[in-house]
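> Sharing a structure here in structure tokens format.
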Amino acid sequence: MKRSEIENAIAWAKKKIAGQGLFLPCFAFWTLQEWQERAAEAETVIRTMRGWDVTTFGHDRFDEMGAVLFTIRNGLPGGEAGCPYAEKLILMREGQILPNHFHKVKTEDVINRGGGILVIQVWNSLPDGTVDRTGDVRILTDGLERTVPAGTEVEITHGNSMTIYPGLYHLFRSKDGSGDLIVGEVSSINDDRTDNYFEVDRSRFIPVEEDIEITVPLCNEYAKLLPDCR
């Protein structure tokens with residue numbers, strides 16, 4: 001993905017978030033120079049990978065698969081830094097898919113914060129990590145429990161949520177014709193480097209083609225762009 005496409009996607013996400021009456025922490029608006037000047041002060045933010053992320057999951061078209069994400073708070077396993085929970089926003093254009101995957105560790109509540117109708121398709125995972133295409137699936141929507149057939153598409157309207165527990169395969173998208181999505185995620189500690197298991201081999205973080213100068217560093221780029229980052 002080109003750097004210009006990434007920065008345009010972040011600019012779009014900022015407008016969407018502001019238009020919904022939501023607000024981001026100060027570091028959401030820092031330039032690369034500000035990140036470099038404030039790296040020592042922002043050590044916890046940097047180590048816990050808070051900030052912007054744009055990904056296609058290795059797909060060749062961002063308009064078909066991908067998302068803009070902003071991690072607001074997070075921690076490290078064992079309490080080494082940050083807090084024992086995480087929060088992020090996930091923004092997706094209508095027509096984009098967040099591909100099918102599950103987590104072995106993280107439990108998350110996925111919340112429709114605005115925009116279109118969120119569709120979450122669900123399956124169980126088998127002991128070998130593959131998708132269970134036949135077994136009924138236990139779901140929790142705002143604490144209400146029910147069982148649905150494998151592959152069910154659950155619609156989540158504004159303010160409502162689904163709990164994604166470890167081992168539950170899930171695929172996100174906006175309901176056709178309903179518009180772009182602003183999805184909230186509140187979870188246990190988020191480790192995007194090791195705790196995403198995709199149905200089809202995917203890249204959580206993607207290579208970037210540097211066609212313009214960097215204005216906004218992505219959360220997985222701090223180590224190479226900021227001084228003395230651990």
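FYI, nothing fancy with the structure tokens labels: chains A, B, ... in order, residues from 1 per chain, ligands from 1 as they appear.
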Could you tell me, as a PyMOL selection string, which residues of range 4-227 of chain A DSSP assigns to strand (DSSP E) when given the backbone?

chain A and resi 51-55+67-75+82-92+97-102+108-115+118-125+131-132+137-141+144-148+153-156+161-164+168-174+181-187+197-198

> Please identify which residues in range 123-227 of chain A DSSP calls alpha helix (DSSP H) from the backbone, and express them as a VMD selection string.

chain A and resid 222 to 225

> Could you write out that same residue set with N, CA and C atoms as an mmCIF file, in the first residue's frame?


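New file result_21.cif:
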```cif
data_model
loop_
_atom_site.group_PDB
_atom_site.id
_atom_site.type_symbol
_atom_site.label_atom_id
_atom_site.label_comp_id
_atom_site.auth_asym_id
_atom_site.auth_seq_id
_atom_site.Cartn_x
_atom_site.Cartn_y
_atom_site.Cartn_z
ATOM 1 N N TYR A 222 7.006 2.454 14.992
ATOM 2 C CA TYR A 222 7.690 3.294 15.979
ATOM 3 C C TYR A 222 9.166 2.917 16.132
ATOM 4 N N ALA A 223 9.444 1.621 16.182
ATOM 5 C CA ALA A 223 10.812 1.185 16.454
ATOM 6 C C ALA A 223 11.797 1.687 15.407
ATOM 7 N N LYS A 224 11.362 1.781 14.155
ATOM 8 C CA LYS A 224 12.285 2.219 13.098
ATOM 9 C C LYS A 224 12.289 3.721 12.885
ATOM 10 N N LEU A 225 11.234 4.411 13.369
ATOM 11 C CA LEU A 225 11.131 5.842 13.098
ATOM 12 C C LEU A 225 11.437 6.738 14.279
#
```

> Per residue of range 75-98 of chain A within 12 Å of range 193-210 of chain A, note the shortest atom pair and the distance in Å to one decimal, counting only C-alpha atoms, and order the rows by chain and increasing residue number, as CSV.


```
residue,atom,partner,partner_atom,distance
A:Leu76,CA,A:Arg193,CA,11.9
A:Pro77,CA,A:Thr194,CA,11.8
A:Leu98,CA,A:Phe198,CA,10.4
```

> I want to know what sits within 12 Å of Ile156 in chain A, based on only C-alpha atoms, with residues of the same chain fewer than 6 positions away left out; could you give that as a list in words?

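In the requested form, the answer reads Asp109, Val110, Ile111, Asn112, Arg113, Gly114, Gly115, Gly116, Ile117, Leu118, Val119, Ile120, Gln121, Leu140, Thr141, Asp142, Met162, Thr163, Phe172, Arg173, Ser174, Lys175, Ser178, Leu181, Ile182, Val183 and Gly184 of chain A.
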
> What's the 9 Å shell around Ile72 in chain A, counting only C-alpha atoms, without same-chain residues fewer than 5 positions away, as an MDAnalysis selection string?

chainID A and resid 24:25 28 45 50:51 86:89

> Would you mind telling me which residue in A:Arg47, A:Arg73, A:Arg138, A:His158 lies nearest to Asn220 in chain A when using only C-alpha atoms?

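Ranking A:Arg47, A:Arg73, A:Arg138, A:His158 by distance to Asn220 in chain A, first place goes to A:Arg47.
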
> For Ile139 in chain A, work out the shell of residues within 10 Å, counting only C-alpha atoms and skipping chain neighbours fewer than 3 positions away, then give it as a list of chain:residue names.

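What passes the distance filter is A:Val122, A:Trp123, A:Asp136, A:Asp142, A:Gly143, A:Leu144, A:Glu145, A:Arg146, A:Thr147, A:Val148, A:Val154, A:Met162, A:Thr163, A:Ile164, A:Tyr165, A:Leu168.
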
> So, with only C-alpha atoms as the atoms that count, which of A:Thr48, A:Thr130, A:Gln36, A:Ser188 lies closest to Asn100 in chain A?

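Closest to Asn100 in chain A, using only C-alpha atoms: A:Thr130.
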
> With only C-alpha atoms as the basis for distance, which of A:Ala42, A:Ala13, A:Leu32, A:Arg3 is at the shortest distance from Val216 in chain A?

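The answer is A:Leu32, which sits nearest to Val216 in chain A.
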
> Could you jot down the CA of Ile17 in chain A to CA of Glu41 in chain A separation for me, Å, one decimal place?

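Taking CA of Ile17 in chain A and CA of Glu41 in chain A, their separation equals 25.9 Å.
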
> From the set A:Thr157, A:Gly19, A:Tyr169, A:Thr71, which residue has the shortest atom-to-atom contact distance to Asp132 in chain A, counting only C-alpha atoms?

A:Tyr169

> For Thr56 in chain A, which residue among A:Lys2, A:Lys14, A:Arg38, A:Lys106 is the nearest when counting only C-alpha atoms?

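Closest residue, counting only C-alpha atoms: A:Lys2.
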